[in-house]
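Colleague: Right, I'll just put the structure down here and ask away after.
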Amino acid sequence: MSKKICMFGVSRSGKTCFLYAMAQVMNSGVKEGNTRISLIANDSTQQSILNDGYMEMARGYWPEGSTETRTFDFNVRVQHDDRYVEIIPSLLLHDYRGGVWQGQANDDVKERQELLKSFADSACIAFLVDGNTLLQAMDPMDVEPIHRNVSTIDKLRSRQQVSFVENLFMSFKRASKGKIPAIVVVITKSDIFKSEKEIKNAYQYIKNVIPSIFAQGSGIDAAITSISLGDNLVNNDMRLRGDLDISTNHNIHVPMVFSLYAYLSDIYDGCDTEEQAYIDSLLPTLRKTFADKLELYINGFPAFAL
């Protein structure tokens with residue numbers, strides 16, 4: 001049986017670029033000790049789409065954003081303790097078109113209702129928010145001086161974008177009949193931040209404005225991480241300027257590894273003794289892979305990835 005990861009982002013969150021970069025890094029495999037985690041598209045046409053998107057960035061051009069909802073089918077593979085396992089033969093990653101979440105047309109409303117239902121059997125839900133939107137939304141005293149010159153309209157628009165995640169998640173919780181999957185909030189374009197303090201303040205801002213996920217008593221397993229595709233990256237009329245570095249150096253693998261961790265934790269009780277022993281040996285390695293690269297919360301309380 002296939003599992004799903006649902007991914008959506010606020011406007012201009014870099015969702016498509018993240019997908020291409022993540023698929024490239026995870027295709028090569030992420031290594032931790034004697035364990036390698038990788039994924040590959042089950043369909044060669046889809047793999048070509050992902051490869052072409054990556055090559056476009058490598059040539060110095062930003063790819064166009066998604067204009068329609070797309071589903072990519074991945075095989076998640078693990079080599080651990082000299083054992084090779086196709087641990088999720090079919091992992092469906094849903095990449096939702098941006099306009100579907102805030103569009104007012106009848107078709108948008110209908111599709112949105114169907115998509116909320118589809119969240120229910122997900123291994124993980126990834127919410128993407130870009131760093132520039134966060135910096136514009138935050139209090140001026142919580143950002144570096146270079147980021148304080150924001151118009152009232154831009155600040156209002158950015159705050160609406162971030163708080164919309166809370167609206168959407170509340171709609172999902174009301175419609176959900178079963179257990180809520182794990183949530184990971186992914187701050188994209190994190191190379192825009194000028195200091196560690198600024199990033200920490202951004203994390204705190206997210207926790208404050210999305211209490212249904214991060215408040216104590218939420219009942220949710222949730223995480224926050226920040227990623228980028230390199231350093232000093234800018235979009236100059238779709239030309240990519242800056243230092244592109246699509247690798248694990250900037251946490252591009254963390255959302256997928258966390259999703260795998262959430263999936264294995266979720267299925268653990270339904271596994272036989274041998275499968276549970278394998279998961280028990282694998283989970284500590286996964287935790288090491290994202291240790292110090294995300295903040296993890298269980299029911300709103302900080303959890304340490306030890």
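Chain lettering (A, B, ...) mirrors the order of the structure tokens, residue numbering begins at 1 for each chain separately, and ligand numbering begins at 1 in order of display.
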Residues near range 267-281 of chain A, anyone? I mean within 12 Å using only C-alpha atoms, not counting same-chain ones fewer than 5 positions away, as a ChimeraX atom specification.
Modeller: /A:3,34-35,78-81,83-85,87-88,121-123,181,260-262,286-287
Colleague: What's the 10 Å shell around Gln24 in chain A, counting only C-alpha atoms, without same-chain residues fewer than 5 positions away, as a VMD selection string?
Modeller: chain A and resid 18 to 19 29 38 to 40 47 50 to 51 53 to 55 246 to 247 252 to 253
Colleague: Could you go through range 132-255 of chain A and tell me which residues DSSP, when run on the backbone, assigns to alpha helix (DSSP H), listing them as a PyMOL selection string?
Modeller: chain A and resi 132-137+152-175+196-209+211-214+254-255
Colleague: Would you export the selected residues with N, CA and C atoms as a short mmCIF file (atom, residue, chain, number, x, y, z; two decimals), in the first residue's frame, please?
Modeller:
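And here is the file that came out, result39.cif:
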data_model
loop_
_atom_site.label_atom_id
_atom_site.label_comp_id
_atom_site.auth_asym_id
_atom_site.auth_seq_id
_atom_site.Cartn_x
_atom_site.Cartn_y
_atom_site.Cartn_z
N ASN A 132 11.88 35.24 3.06
CA ASN A 132 11.57 36.64 2.82
C ASN A 132 10.19 37.01 3.36
N THR A 133 9.21 36.11 3.15
CA THR A 133 7.87 36.35 3.69
C THR A 133 7.91 36.45 5.21
N LEU A 134 8.67 35.56 5.84
CA LEU A 134 8.78 35.60 7.30
C LEU A 134 9.42 36.90 7.78
N LEU A 135 10.49 37.31 7.14
CA LEU A 135 11.18 38.54 7.55
C LEU A 135 10.26 39.76 7.44
N GLN A 136 9.44 39.78 6.40
CA GLN A 136 8.51 40.89 6.23
C GLN A 136 7.39 40.85 7.26
N ALA A 137 7.02 39.65 7.70
CA ALA A 137 5.92 39.50 8.65
C ALA A 137 6.35 39.78 10.09
N THR A 152 3.87 48.90 4.89
CA THR A 152 2.73 48.39 5.65
C THR A 152 1.97 47.33 4.86
N ILE A 153 1.81 47.55 3.57
CA ILE A 153 1.09 46.59 2.72
C ILE A 153 1.85 45.27 2.65
N ASP A 154 3.17 45.33 2.43
CA ASP A 154 3.95 44.10 2.34
C ASP A 154 3.92 43.33 3.67
N LYS A 155 3.98 44.06 4.79
CA LYS A 155 3.93 43.40 6.09
C LYS A 155 2.58 42.72 6.30
N LEU A 156 1.50 43.41 5.97
CA LEU A 156 0.17 42.84 6.12
C LEU A 156 0.01 41.61 5.24
N ARG A 157 0.44 41.71 3.98
CA ARG A 157 0.31 40.58 3.06
C ARG A 157 1.11 39.38 3.57
N SER A 158 2.31 39.63 4.04
CA SER A 158 3.16 38.53 4.52
C SER A 158 2.56 37.86 5.76
N ARG A 159 2.03 38.66 6.66
CA ARG A 159 1.42 38.09 7.86
C ARG A 159 0.19 37.25 7.49
N GLN A 160 -0.56 37.71 6.51
CA GLN A 160 -1.71 36.92 6.06
C GLN A 160 -1.26 35.60 5.46
N GLN A 161 -0.16 35.63 4.71
CA GLN A 161 0.35 34.40 4.09
C GLN A 161 0.74 33.37 5.15
N VAL A 162 1.46 33.80 6.18
CA VAL A 162 1.91 32.87 7.20
C VAL A 162 0.73 32.37 8.05
N SER A 163 -0.14 33.28 8.45
CA SER A 163 -1.26 32.87 9.31
C SER A 163 -2.26 32.00 8.56
N PHE A 164 -2.21 32.01 7.22
CA PHE A 164 -3.10 31.15 6.45
C PHE A 164 -2.81 29.68 6.73
N VAL A 165 -1.58 29.35 7.08
CA VAL A 165 -1.26 27.98 7.44
C VAL A 165 -2.12 27.53 8.62
N GLU A 166 -2.31 28.44 9.59
CA GLU A 166 -3.16 28.14 10.74
C GLU A 166 -4.61 27.91 10.30
N ASN A 167 -5.11 28.75 9.40
CA ASN A 167 -6.48 28.58 8.90
C ASN A 167 -6.64 27.22 8.22
N LEU A 168 -5.68 26.88 7.39
CA LEU A 168 -5.76 25.63 6.64
C LEU A 168 -5.70 24.42 7.56
N PHE A 169 -4.79 24.48 8.52
CA PHE A 169 -4.64 23.33 9.41
C PHE A 169 -5.87 23.16 10.30
N MET A 170 -6.45 24.26 10.75
CA MET A 170 -7.67 24.16 11.54
C MET A 170 -8.80 23.53 10.72
N SER A 171 -8.90 23.88 9.43
CA SER A 171 -9.90 23.27 8.56
C SER A 171 -9.66 21.76 8.45
N PHE A 172 -8.39 21.38 8.34
CA PHE A 172 -8.06 19.96 8.25
C PHE A 172 -8.42 19.23 9.54
N LYS A 173 -8.10 19.82 10.69
CA LYS A 173 -8.40 19.18 11.97
C LYS A 173 -9.90 18.97 12.14
N ARG A 174 -10.69 19.94 11.72
CA ARG A 174 -12.14 19.80 11.83
C ARG A 174 -12.67 18.70 10.92
N ALA A 175 -12.06 18.56 9.74
CA ALA A 175 -12.54 17.56 8.78
C ALA A 175 -11.97 16.18 9.05
N GLU A 196 22.10 33.90 13.12
CA GLU A 196 21.42 32.79 13.78
C GLU A 196 20.27 33.31 14.64
N LYS A 197 20.46 34.47 15.24
CA LYS A 197 19.41 35.05 16.07
C LYS A 197 18.17 35.36 15.24
N GLU A 198 18.37 35.84 14.02
CA GLU A 198 17.26 36.16 13.14
C GLU A 198 16.47 34.89 12.78
N ILE A 199 17.18 33.80 12.53
CA ILE A 199 16.52 32.53 12.22
C ILE A 199 15.74 32.03 13.43
N LYS A 200 16.35 32.11 14.62
CA LYS A 200 15.66 31.67 15.83
C LYS A 200 14.39 32.48 16.07
N ASN A 201 14.46 33.77 15.80
CA ASN A 201 13.27 34.62 15.94
C ASN A 201 12.19 34.22 14.93
N ALA A 202 12.62 33.79 13.74
CA ALA A 202 11.66 33.34 12.74
C ALA A 202 10.97 32.06 13.21
N TYR A 203 11.73 31.14 13.79
CA TYR A 203 11.13 29.93 14.36
C TYR A 203 10.08 30.29 15.41
N GLN A 204 10.43 31.23 16.28
CA GLN A 204 9.51 31.61 17.35
C GLN A 204 8.26 32.26 16.78
N TYR A 205 8.42 33.06 15.74
CA TYR A 205 7.27 33.69 15.11
C TYR A 205 6.30 32.63 14.59
N ILE A 206 6.83 31.62 13.92
CA ILE A 206 5.99 30.54 13.40
C ILE A 206 5.24 29.84 14.52
N LYS A 207 5.95 29.55 15.61
CA LYS A 207 5.30 28.85 16.73
C LYS A 207 4.19 29.70 17.34
N ASN A 208 4.37 31.01 17.33
CA ASN A 208 3.37 31.90 17.91
C ASN A 208 2.11 32.00 17.05
N VAL A 209 2.28 32.02 15.73
CA VAL A 209 1.13 32.26 14.85
C VAL A 209 0.45 30.97 14.39
N PRO A 211 -0.55 28.16 16.57
CA PRO A 211 -0.68 27.44 17.84
C PRO A 211 -1.35 26.08 17.71
N SER A 212 -2.19 25.89 16.70
CA SER A 212 -2.86 24.59 16.55
C SER A 212 -1.87 23.47 16.29
N ILE A 213 -0.66 23.81 15.88
CA ILE A 213 0.40 22.82 15.65
C ILE A 213 1.41 22.81 16.78
N PHE A 214 1.78 24.01 17.29
CA PHE A 214 2.91 24.09 18.20
C PHE A 214 2.57 24.42 19.65
N VAL A 254 16.46 17.14 4.90
CA VAL A 254 15.86 16.97 6.22
C VAL A 254 14.35 16.71 6.18
N PRO A 255 13.55 17.47 5.41
CA PRO A 255 12.11 17.18 5.40
C PRO A 255 11.77 15.75 4.98
#
Colleague: List the spatial neighbours of range 229-242 of chain A as a ChimeraX atom specification - criterion: any atom at most 7 Å away, only C-alpha atoms, same-chain residues fewer than 5 positions off excluded.
Modeller: /A:60-62,191-192,250
Colleague: As a list in words, please: all residues of range 172-239 of chain A that backbone DSSP puts in strand (DSSP E or B).
Modeller: Ala182, Ile183, Val184, Val185, Val186, Ile187, Thr188, Asp221, Ala222, Ala223, Ile224, Thr225, Ser226, Gly230, Asp231, Asn232, Leu233, Val234, Asn235, Asn236 and Arg239 of chain A
Colleague: For a test of reading the model, state the distance in Å between CA of Ile224 in chain A and CA of Asp243 in chain A, rounded to one decimal.
Modeller: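 Rounded to one decimal, the two atoms are 24.4 Å apart.
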Colleague: Which residues come within 9 Å of Phe127 in chain A, counting only C-alpha atoms, excluding same-chain residues fewer than 6 positions away, as a list of chain:residue names?
Modeller: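 Skipping anything fewer than 6 positions along the chain leaves A:Cys6, A:Met7, A:Phe8, A:Gly9, A:Val10, A:Val165, A:Ile183, A:Val184, A:Val185, A:Val186, A:Ile187.
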Colleague: Counting only C-alpha atoms, which of A:Gly14, A:Gly65, A:Pro89, A:Gly219 gets nearest to Asp130 in chain A?
Modeller: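 Closest to Asp130 in chain A, using only C-alpha atoms: A:Gly14.
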Colleague: Which residue, A:Cys124, A:Val129, A:Met26, A:Met138, has the smallest gap to Ser259 in chain A when you use only C-alpha atoms?
Modeller: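 Among the listed residues, A:Cys124 lies closest to Ser259 in chain A.
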